[in-house]
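File shown here: start.csv, holding CSV, C-alpha atoms.
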```
chain,number,residue,atom,x,y,z
T,97,MET,CA,-48.1,-5.5,-70.9
T,98,ASN,CA,-46.3,-3.9,-73.9
T,99,GLN,CA,-43.7,-5.6,-76.1
T,100,PHE,CA,-40.8,-3.7,-74.6
T,101,ARG,CA,-41.7,-4.3,-71.0
T,102,THR,CA,-42.3,-8.0,-71.7
T,103,THR,CA,-38.9,-8.3,-73.3
T,104,LEU,CA,-36.9,-6.5,-70.7
T,105,TRP,CA,-38.5,-7.8,-67.5
T,106,SER,CA,-39.0,-11.3,-68.8
T,107,ARG,CA,-35.2,-11.5,-69.4
T,108,LEU,CA,-34.6,-10.2,-65.9
T,109,GLY,CA,-37.0,-12.8,-64.6
T,110,GLU,CA,-35.1,-15.5,-66.4
T,111,ALA,CA,-31.8,-14.3,-64.9
T,112,ALA,CA,-33.3,-14.1,-61.5
T,113,ALA,CA,-34.6,-17.7,-61.8
T,114,GLY,CA,-31.0,-18.8,-62.3
T,115,ARG,CA,-30.9,-19.6,-66.0
T,116,ARG,CA,-27.2,-19.6,-66.8
T,117,THR,CA,-27.5,-18.0,-70.3
T,118,ALA,CA,-29.7,-15.2,-69.0
T,119,LEU,CA,-27.4,-14.6,-66.1
T,120,ASP,CA,-24.3,-14.5,-68.3
T,121,ASP,CA,-26.0,-12.2,-70.8
T,122,PHE,CA,-27.2,-9.9,-68.1
T,123,ALA,CA,-23.8,-9.6,-66.4
T,124,ARG,CA,-22.1,-8.9,-69.7
T,125,GLY,CA,-24.6,-6.3,-70.6
T,126,TYR,CA,-24.8,-4.3,-67.4
T,127,ARG,CA,-21.6,-4.9,-65.4
T,128,PRO,CA,-19.1,-2.8,-67.5
T,129,PRO,CA,-20.8,0.6,-67.0
T,130,ILE,CA,-21.5,-0.1,-63.3
T,131,VAL,CA,-17.8,-1.1,-62.7
T,132,ALA,CA,-16.6,1.9,-64.7
T,133,PHE,CA,-18.8,4.2,-62.6
T,134,LEU,CA,-17.6,2.8,-59.4
T,135,ARG,CA,-14.0,3.1,-60.4
T,136,ARG,CA,-14.7,6.8,-61.0
T,137,LYS,CA,-16.1,7.0,-57.5
T,138,GLY,CA,-12.7,6.0,-56.2
T,139,LEU,CA,-13.1,2.2,-55.6
T,140,SER,CA,-10.3,-0.2,-56.3
T,141,PRO,CA,-10.8,-2.7,-59.2
T,142,SER,CA,-11.6,-5.5,-56.8
T,143,ASP,CA,-14.0,-3.4,-54.7
T,144,ALA,CA,-15.7,-2.1,-57.8
T,145,GLU,CA,-16.3,-5.7,-59.0
T,146,ASP,CA,-17.6,-6.7,-55.6
T,147,VAL,CA,-20.1,-3.8,-55.4
T,148,ALA,CA,-21.1,-4.4,-59.0
T,149,GLN,CA,-21.8,-8.0,-58.2
T,150,GLU,CA,-24.0,-6.9,-55.3
T,151,VAL,CA,-25.9,-4.5,-57.6
T,152,LEU,CA,-26.7,-7.3,-60.0
T,153,VAL,CA,-27.8,-9.6,-57.2
T,154,ARG,CA,-30.0,-6.9,-55.8
T,155,LEU,CA,-31.5,-6.0,-59.1
T,156,LEU,CA,-32.5,-9.6,-59.6
T,157,SER,CA,-34.2,-9.9,-56.2
T,158,LYS,CA,-37.9,-10.5,-56.3
T,159,ASP,CA,-38.7,-7.2,-54.4
T,160,LEU,CA,-36.8,-5.0,-56.8
T,161,LEU,CA,-38.0,-6.8,-59.9
T,162,ALA,CA,-41.6,-6.2,-58.7
T,163,GLN,CA,-40.8,-2.5,-58.1
T,164,GLY,CA,-39.1,-2.2,-61.4
T,165,ASP,CA,-41.9,-3.8,-63.3
T,166,ALA,CA,-44.3,-1.2,-61.9
T,167,SER,CA,-41.9,1.7,-62.1
T,168,LYS,CA,-41.7,4.5,-64.7
T,169,GLY,CA,-38.7,6.1,-66.3
T,170,ARG,CA,-35.5,5.0,-68.0
T,171,PHE,CA,-34.1,1.6,-67.0
T,172,ARG,CA,-30.6,3.1,-66.7
T,173,ASN,CA,-31.8,5.7,-64.2
T,174,TYR,CA,-33.3,2.8,-62.2
T,175,LEU,CA,-30.0,1.0,-62.4
T,176,ILE,CA,-27.9,3.9,-61.2
T,177,GLY,CA,-30.2,4.4,-58.3
T,178,ILE,CA,-29.6,0.8,-57.2
T,179,THR,CA,-25.8,1.3,-57.7
T,180,LEU,CA,-25.7,4.4,-55.6
T,181,ARG,CA,-27.7,2.8,-52.8
T,182,VAL,CA,-25.4,-0.3,-52.7
T,183,LEU,CA,-22.3,1.9,-52.7
T,184,SER,CA,-23.7,4.0,-49.9
T,185,GLU,CA,-24.5,0.8,-47.9
T,186,GLN,CA,-21.0,-0.5,-48.5
T,187,ARG,CA,-19.5,2.7,-47.2
T,188,ARG,CA,-21.7,2.8,-44.2
T,189,HIS,CA,-20.9,-0.8,-43.5
T,190,ALA,CA,-17.2,0.0,-43.6
T,191,GLN,CA,-17.7,3.0,-41.2
T,192,ALA,CA,-19.8,0.9,-38.9
T,193,ARG,CA,-17.2,-1.8,-38.7
T,194,LYS,CA,-14.6,0.8,-37.7
T,195,ARG,CA,-16.9,1.9,-34.9
T,196,GLY,CA,-17.9,-1.6,-33.9
T,197,GLY,CA,-21.6,-0.9,-34.7
T,198,ASP,CA,-24.2,-2.2,-37.1
T,199,TRP,CA,-25.4,-1.0,-40.5
T,200,ASN,CA,-28.7,-0.7,-42.3
T,201,ARG,CA,-29.7,-0.7,-45.9
T,202,VAL,CA,-30.4,2.6,-47.6
T,203,PRO,CA,-34.1,3.3,-48.3
T,204,LEU,CA,-35.1,2.3,-51.8
T,205,ASP,CA,-36.9,5.6,-52.6
T,206,VAL,CA,-33.8,7.7,-52.4
T,207,ALA,CA,-33.4,9.4,-55.9
T,208,PRO,CA,-29.9,9.7,-57.3
T,209,PRO,CA,-28.5,13.2,-57.7
T,210,GLN,CA,-28.5,14.7,-61.2
T,211,ALA,CA,-24.7,14.8,-61.3
T,212,GLU,CA,-24.5,11.1,-60.5
T,213,ARG,CA,-27.1,10.3,-63.1
T,214,ALA,CA,-25.2,12.3,-65.8
T,215,ALA,CA,-21.9,10.6,-65.0
T,216,PHE,CA,-23.5,7.2,-65.2
T,217,GLU,CA,-25.3,8.1,-68.4
T,218,ASP,CA,-22.1,9.0,-70.2
T,219,LEU,CA,-20.6,5.5,-69.3
T,220,TRP,CA,-23.9,3.8,-70.1
T,221,LEU,CA,-24.1,5.4,-73.6
T,222,ALA,CA,-20.5,4.6,-74.3
T,223,GLU,CA,-21.1,1.0,-73.5
T,224,ILE,CA,-24.1,0.9,-75.8
T,225,VAL,CA,-22.1,2.4,-78.6
T,226,GLN,CA,-19.3,-0.1,-78.0
T,227,ARG,CA,-21.7,-3.0,-78.2
T,228,ALA,CA,-23.3,-1.6,-81.4
T,229,MET,CA,-19.9,-1.2,-82.9
T,230,ALA,CA,-19.1,-4.8,-82.0
T,231,ARG,CA,-22.3,-5.9,-83.9
T,232,VAL,CA,-21.2,-3.9,-86.9
T,233,GLU,CA,-17.7,-5.5,-86.8
T,234,ARG,CA,-19.1,-9.0,-86.7
T,235,ALA,CA,-21.4,-8.3,-89.6
T,236,ASN,CA,-19.0,-6.2,-91.8
T,237,PRO,CA,-15.4,-5.5,-90.6
T,238,ASN,CA,-15.0,-3.0,-93.4
T,239,HIS,CA,-17.8,-0.9,-92.1
T,240,HIS,CA,-16.3,-1.1,-88.6
T,241,GLU,CA,-13.0,0.1,-89.9
T,242,LEU,CA,-14.6,3.1,-91.7
T,243,LEU,CA,-16.6,4.1,-88.6
T,244,ARG,CA,-13.5,3.8,-86.4
T,245,HIS,CA,-11.5,6.1,-88.6
T,246,ALA,CA,-14.4,8.5,-89.1
T,247,SER,CA,-14.8,8.8,-85.3
T,248,GLN,CA,-11.3,10.4,-85.3
T,249,GLY,CA,-12.5,13.3,-87.4
T,250,LEU,CA,-10.9,12.3,-90.7
T,251,SER,CA,-12.2,13.8,-94.0
T,252,SER,CA,-13.6,11.7,-96.9
T,253,ASP,CA,-10.4,12.2,-98.8
T,254,GLU,CA,-8.3,11.1,-95.8
T,255,LEU,CA,-10.6,8.1,-95.3
T,256,ALA,CA,-10.3,7.2,-99.0
T,257,GLY,CA,-6.6,7.0,-98.7
T,258,LEU,CA,-6.8,4.7,-95.7
T,259,VAL,CA,-9.3,2.3,-97.3
T,260,ASP,CA,-7.9,2.5,-100.9
T,261,LYS,CA,-11.2,3.9,-102.4
T,262,THR,CA,-12.1,7.0,-104.3
T,263,ALA,CA,-13.6,9.8,-102.2
T,264,GLY,CA,-17.0,9.2,-103.8
T,265,ALA,CA,-17.0,5.5,-103.1
T,266,THR,CA,-15.8,6.2,-99.6
T,267,ARG,CA,-18.7,8.5,-98.9
T,268,VAL,CA,-21.1,5.9,-100.1
T,269,ALA,CA,-19.5,3.2,-98.0
T,270,LEU,CA,-19.5,5.5,-94.9
T,271,HIS,CA,-23.2,6.2,-95.4
T,272,ARG,CA,-23.9,2.5,-95.4
T,273,ALA,CA,-21.6,1.9,-92.4
T,274,ARG,CA,-23.4,4.6,-90.4
T,275,LYS,CA,-26.8,3.1,-91.4
T,276,ALA,CA,-25.5,-0.3,-90.1
T,277,LEU,CA,-24.4,1.4,-86.9
T,278,ALA,CA,-27.8,3.1,-86.5
T,279,ASN,CA,-29.6,-0.3,-86.9
T,280,ALA,CA,-27.3,-1.9,-84.4
T,281,LEU,CA,-27.9,0.9,-81.9
T,282,LYS,CA,-31.6,0.5,-82.3
T,283,GLU,CA,-31.4,-3.2,-81.5
T,284,GLU,CA,-29.2,-2.5,-78.5
T,285,VAL,CA,-31.6,0.2,-77.2
T,286,ALA,CA,-34.6,-1.9,-77.8
T,287,ALA,CA,-33.1,-4.7,-75.6
T,288,TYR,CA,-33.3,-2.7,-72.4
T,289,CYS,CA,-36.2,-0.2,-73.0
T,290,SER,CA,-39.4,-1.0,-71.3
T,291,SER,CA,-41.8,1.2,-73.2
T,292,GLN,CA,-42.2,2.9,-76.6
T,293,ASP,CA,-41.7,6.3,-75.1
T,294,GLU,CA,-38.5,5.3,-73.4
T,295,TYR,CA,-37.3,3.7,-76.7
T,296,GLU,CA,-37.9,6.9,-78.6
T,297,GLU,CA,-36.3,9.1,-75.9
T,298,GLU,CA,-33.2,6.8,-75.9
T,299,LEU,CA,-33.0,6.9,-79.7
T,300,ALA,CA,-33.0,10.7,-79.6
T,301,THR,CA,-29.9,10.5,-77.3
T,302,PHE,CA,-28.1,8.6,-80.1
T,303,ALA,CA,-29.3,10.9,-82.9
T,304,ARG,CA,-25.8,12.1,-83.8
T,305,PHE,CA,-25.0,8.5,-84.9
T,306,PHE,CA,-27.9,8.3,-87.3
T,307,GLY,CA,-27.0,11.2,-89.7
T,308,GLU,CA,-25.0,11.2,-92.9
```

What is this file in C-alpha coordinates?
Amino acid sequence: MNQFRTTLWSRLGEAAAGRRTALDDFARGYRPPIVAFLRRKGLSPSDAEDVAQEVLVRLLSKDLLAQGDASKGRFRNYLIGITLRVLSEQRRHAQARKRGGDWNRVPLDVAPPQAERAAFEDLWLAEIVQRAMARVERANPNHHELLRHASQGLSSDELAGLVDKTAGATRVALHRARKALANALKEEVAAYCSSQDEYEEELATFARFFGE
(Lines of atoms letter the chains of each structure in order from A and count residues from 1; the text may use other names and numbers.)
(Lines give C-alpha, C1' and ligand atoms only; values in the text may rest on other atoms or scores of the structure.)
Protein backbone atom coordinates (compact mmCIF):
# COMPACT_ATOMS: atom_id res chain seq x y z
CA MET A 1 0.00 0.00 0.00
CA ASN A 2 1.47 3.37 -0.98
CA GLN A 3 2.13 6.28 1.34
CA PHE A 4 -0.87 8.35 0.21
CA ARG A 5 -3.39 5.55 0.53
CA THR A 6 -2.05 4.56 3.93
CA THR A 7 -2.40 8.13 5.17
CA LEU A 8 -5.91 8.73 3.84
CA TRP A 9 -7.57 5.44 4.62
CA SER A 10 -5.84 4.93 7.94
CA ARG A 11 -7.22 8.29 9.07
CA LEU A 12 -10.68 7.28 7.91
CA GLY A 13 -10.29 3.99 9.74
CA GLU A 14 -9.38 5.80 12.95
CA ALA A 15 -12.45 8.02 12.57
CA ALA A 16 -14.63 4.99 11.92
CA ALA A 17 -13.23 3.37 15.07
CA GLY A 18 -14.60 6.30 17.03
CA ARG A 19 -11.39 8.11 17.91
CA ARG A 20 -12.59 11.56 18.95
CA THR A 21 -9.75 13.57 17.43
CA ALA A 22 -9.97 11.73 14.11
CA LEU A 23 -13.74 12.16 14.02
CA ASP A 24 -13.51 15.89 14.73
CA ASP A 25 -10.77 16.43 12.16
CA PHE A 26 -12.69 14.47 9.57
CA ALA A 27 -15.91 16.40 10.14
CA ARG A 28 -14.12 19.77 10.00
CA GLY A 29 -12.37 18.83 6.79
CA TYR A 30 -15.23 17.36 4.78
CA ARG A 31 -18.49 18.74 6.15
CA PRO A 32 -18.26 22.34 4.78
CA PRO A 33 -18.21 21.52 1.03
CA ILE A 34 -20.90 18.86 1.52
CA VAL A 35 -23.20 21.28 3.34
CA ALA A 36 -22.56 24.04 0.79
CA PHE A 37 -23.37 21.65 -2.06
CA LEU A 38 -26.59 20.51 -0.40
CA ARG A 39 -27.64 24.11 0.22
CA ARG A 40 -27.21 24.77 -3.51
CA LYS A 41 -29.47 21.79 -4.13
CA GLY A 42 -32.21 23.63 -2.26
CA LEU A 43 -32.02 22.07 1.20
CA SER A 44 -32.62 24.18 4.27
CA PRO A 45 -29.65 24.73 6.60
CA SER A 46 -30.91 22.13 9.08
CA ASP A 47 -31.72 19.56 6.39
CA ALA A 48 -28.33 20.10 4.76
CA GLU A 49 -26.62 19.48 8.10
CA ASP A 50 -28.67 16.32 8.65
CA VAL A 51 -27.87 14.92 5.21
CA ALA A 52 -24.19 15.86 5.59
CA GLN A 53 -24.09 14.01 8.90
CA GLU A 54 -25.53 10.92 7.23
CA VAL A 55 -22.95 11.20 4.44
CA LEU A 56 -20.13 11.20 6.99
CA VAL A 57 -21.65 8.29 8.89
CA ARG A 58 -22.07 6.36 5.65
CA LEU A 59 -18.55 7.09 4.50
CA LEU A 60 -17.17 5.74 7.76
CA SER A 61 -19.14 2.50 7.52
CA LYS A 62 -17.09 -0.66 7.11
CA ASP A 63 -18.65 -1.54 3.76
CA LEU A 64 -17.88 1.79 2.13
CA LEU A 65 -14.42 1.99 3.66
CA ALA A 66 -13.66 -1.39 2.12
CA GLN A 67 -14.97 -0.27 -1.26
CA GLY A 68 -13.13 3.03 -1.07
CA ASP A 69 -9.85 1.39 -0.21
CA ALA A 70 -10.10 -0.70 -3.36
CA SER A 71 -11.54 2.03 -5.58
CA LYS A 72 -9.72 4.15 -8.12
CA GLY A 73 -10.17 7.84 -8.86
CA ARG A 74 -10.22 11.05 -6.94
CA PHE A 75 -11.46 10.94 -3.38
CA ARG A 76 -13.71 13.95 -3.87
CA ASN A 77 -15.48 12.17 -6.74
CA TYR A 78 -16.08 9.26 -4.37
CA LEU A 79 -17.39 11.68 -1.75
CA ILE A 80 -19.81 13.45 -4.10
CA GLY A 81 -21.10 10.08 -5.23
CA ILE A 82 -22.01 9.18 -1.66
CA THR A 83 -23.52 12.63 -1.09
CA LEU A 84 -25.80 12.33 -4.11
CA ARG A 85 -26.89 8.84 -3.12
CA VAL A 86 -27.79 9.92 0.40
CA LEU A 87 -29.64 12.97 -0.96
CA SER A 88 -31.60 10.78 -3.36
CA GLU A 89 -32.48 8.38 -0.55
CA GLN A 90 -33.62 11.27 1.65
CA ARG A 91 -35.92 12.55 -1.09
CA ARG A 92 -37.29 9.10 -1.85
CA HIS A 93 -37.89 8.58 1.84
CA ALA A 94 -39.83 11.85 2.04
CA GLN A 95 -41.94 10.88 -0.97
CA ALA A 96 -42.54 7.40 0.40
CA ARG A 97 -43.75 8.80 3.71
CA LYS A 98 -46.25 10.96 1.85
CA ARG A 99 -47.54 7.87 0.05
CA GLY A 100 -47.43 5.75 3.18
CA GLY A 101 -44.94 3.36 1.61
CA ASP A 102 -41.41 2.18 2.28
CA TRP A 103 -38.09 3.30 0.81
CA ASN A 104 -34.86 1.65 -0.29
CA ARG A 105 -31.26 2.69 -0.44
CA VAL A 106 -29.91 3.80 -3.79
CA PRO A 107 -27.45 1.30 -5.35
CA LEU A 108 -23.82 2.14 -4.59
CA ASP A 109 -22.64 1.83 -8.20
CA VAL A 110 -24.62 4.80 -9.52
CA ALA A 111 -22.12 7.32 -10.94
CA PRO A 112 -22.75 11.02 -10.25
CA PRO A 113 -23.58 13.14 -13.33
CA GLN A 114 -20.80 15.34 -14.70
CA ALA A 115 -22.66 18.54 -13.84
CA GLU A 116 -23.01 17.45 -10.22
CA ARG A 117 -19.35 16.53 -10.00
CA ALA A 118 -18.37 19.93 -11.44
CA ALA A 119 -20.57 21.82 -8.97
CA PHE A 120 -19.15 19.90 -6.02
CA GLU A 121 -15.61 20.29 -7.35
CA ASP A 122 -15.90 24.09 -7.27
CA LEU A 123 -16.96 23.99 -3.63
CA TRP A 124 -14.33 21.40 -2.77
CA LEU A 125 -11.50 23.43 -4.30
CA ALA A 126 -12.71 26.60 -2.59
CA GLU A 127 -12.63 24.79 0.75
CA ILE A 128 -9.08 23.53 0.14
CA VAL A 129 -7.88 27.04 -0.77
CA GLN A 130 -9.56 28.46 2.32
CA ARG A 131 -7.85 25.89 4.52
CA ALA A 132 -4.49 26.60 2.87
CA MET A 133 -5.00 30.32 3.40
CA ALA A 134 -5.72 29.64 7.06
CA ARG A 135 -2.39 27.82 7.28
CA VAL A 136 -0.63 30.82 5.77
CA GLU A 137 -2.36 33.21 8.16
CA ARG A 138 -1.29 31.17 11.18
CA ALA A 139 2.30 31.07 9.95
CA ASN A 140 2.59 34.64 8.65
CA PRO A 141 -0.32 37.12 8.88
CA ASN A 142 1.51 39.55 6.58
CA HIS A 143 1.64 36.95 3.82
CA HIS A 144 -2.04 36.28 4.32
CA GLU A 145 -2.85 39.98 4.03
CA LEU A 146 -0.88 40.31 0.80
CA LEU A 147 -2.57 37.28 -0.75
CA ARG A 148 -6.01 38.50 0.27
CA HIS A 149 -5.44 41.88 -1.36
CA ALA A 150 -3.79 40.35 -4.43
CA SER A 151 -6.83 38.11 -4.96
CA GLN A 152 -8.82 41.30 -5.54
CA GLY A 153 -6.75 42.07 -8.62
CA LEU A 154 -4.68 44.90 -7.16
CA SER A 155 -1.44 45.89 -8.91
CA SER A 156 1.98 45.85 -7.22
CA ASP A 157 1.84 49.62 -6.80
CA GLU A 158 -1.61 49.44 -5.23
CA LEU A 159 -0.51 46.61 -2.94
CA ALA A 160 2.58 48.61 -1.96
CA GLY A 161 0.39 51.47 -0.83
CA LEU A 162 -1.71 49.16 1.31
CA VAL A 163 1.21 47.43 3.05
CA ASP A 164 3.50 50.49 3.21
CA LYS A 165 6.35 49.01 1.15
CA THR A 166 8.06 49.92 -2.10
CA ALA A 167 6.71 48.27 -5.25
CA GLY A 168 9.87 46.19 -5.53
CA ALA A 169 9.73 45.01 -1.92
CA THR A 170 6.04 44.24 -2.36
CA ARG A 171 6.73 42.04 -5.39
CA VAL A 172 9.33 40.08 -3.42
CA ALA A 173 6.97 39.71 -0.45
CA LEU A 174 4.13 38.61 -2.71
CA HIS A 175 6.36 36.02 -4.35
CA ARG A 176 7.19 34.61 -0.91
CA ALA A 177 3.53 34.70 0.12
CA ARG A 178 2.50 32.78 -2.99
CA LYS A 179 5.23 30.24 -2.35
CA ALA A 180 3.90 29.80 1.20
CA LEU A 181 0.39 29.32 -0.19
CA ALA A 182 1.64 26.78 -2.71
CA ASN A 183 3.31 24.78 0.05
CA ALA A 184 0.16 24.96 2.19
CA LEU A 185 -1.96 23.76 -0.73
CA LYS A 186 0.38 20.83 -1.32
CA GLU A 187 0.02 19.80 2.31
CA GLU A 188 -3.77 20.06 2.17
CA VAL A 189 -3.96 18.10 -1.08
CA ALA A 190 -1.62 15.39 0.18
CA ALA A 191 -3.89 14.90 3.20
CA TYR A 192 -6.75 13.48 1.11
CA CYS A 193 -5.07 12.01 -1.98
CA SER A 194 -4.74 8.25 -2.11
CA SER A 195 -2.09 7.88 -4.82
CA GLN A 196 0.80 9.75 -6.43
CA ASP A 197 -1.19 10.07 -9.66
CA GLU A 198 -4.16 11.61 -7.85
CA TYR A 199 -1.84 13.97 -6.01
CA GLU A 200 -0.26 15.21 -9.23
CA GLU A 201 -3.65 15.61 -10.92
CA GLU A 202 -4.96 17.61 -7.98
CA LEU A 203 -1.89 19.84 -7.92
CA ALA A 204 -2.48 20.62 -11.59
CA THR A 205 -5.94 21.87 -10.60
CA PHE A 206 -4.32 24.41 -8.29
CA ALA A 207 -1.55 25.38 -10.72
CA ARG A 208 -2.74 29.00 -10.94
CA PHE A 209 -1.82 29.46 -7.27
CA PHE A 210 1.76 28.32 -7.81
CA GLY A 211 2.95 31.01 -10.25
CA GLU A 212 4.64 34.34 -9.76

So what do you get for atom CA of T:Gly177 versus atom CA of T:Glu212, distance-wise?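 It comes out at 9.1 Å.
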
Near T:Ile224, counting all atoms listed in the file, which residues have an atom at most 12 Å away, once you skip same-chain residues fewer than 4 positions from it, shown as a count of residues only? 30

So which residues touch stretch 258-266 of chain T within 10 Å, counting all atoms listed in the file, skipping near sequence neighbours fewer than 4 positions away, as a tab-separated table (two decimals) with C-alpha atoms, in the coordinates of the input?
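What follows is the written file result.tsv:
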```
chain	number	residue	atom	x	y	z
T	238	ASN	CA	-15.00	-3.00	-93.40
T	241	GLU	CA	-13.00	0.10	-89.90
T	242	LEU	CA	-14.60	3.10	-91.70
T	245	HIS	CA	-11.50	6.10	-88.60
T	250	LEU	CA	-10.90	12.30	-90.70
T	251	SER	CA	-12.20	13.80	-94.00
T	252	SER	CA	-13.60	11.70	-96.90
T	253	ASP	CA	-10.40	12.20	-98.80
T	254	GLU	CA	-8.30	11.10	-95.80
T	270	LEU	CA	-19.50	5.50	-94.90
T	271	HIS	CA	-23.20	6.20	-95.40
T	272	ARG	CA	-23.90	2.50	-95.40
```

Using Å and a single decimal, report how far atom CA of T:Val182 sits from atom CA of T:Ser142.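 So the two atoms, atom CA of T:Ser142 and atom CA of T:Val182, lie 15.3 Å apart.
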
Check the smallest atom-to-atom distance from each of T:Ala215, T:Ala269, T:Ala222, T:Leu134 to T:Gln186 using all atoms listed in the file, then report the winner. T:Leu134

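The point (-16.3, -6.7, -55.2) has these residues within 12 Å of it when all atoms listed in the file are used: Arg127, Ile130, Val131, Leu134, Arg135, Leu139, Ser140, Pro141, Ser142, Asp143, Ala144, Glu145, Asp146, Val147, Ala148, Gln149, Glu150, Val151, Leu152, Val182, Leu183 and Gln186 of chain T.
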
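You can rank T:Thr179, T:Ser247, T:Asn173, T:Gln210 by their closest distance to T:Cys289 using all atoms listed in the file, and at the top of that list sits T:Asn173.
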
Between atom CA of T:Ile176 and atom CA of T:Ala211, what distance in Å does the model show, to one decimal? 11.4 Å

When distances are computed from only C-alpha atoms, which of T:Val232, T:Leu156, T:Leu175, T:Ala300 shows the smallest separation from T:Asn279?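 Of the candidates, the smallest distance to T:Asn279 is held by T:Val232.
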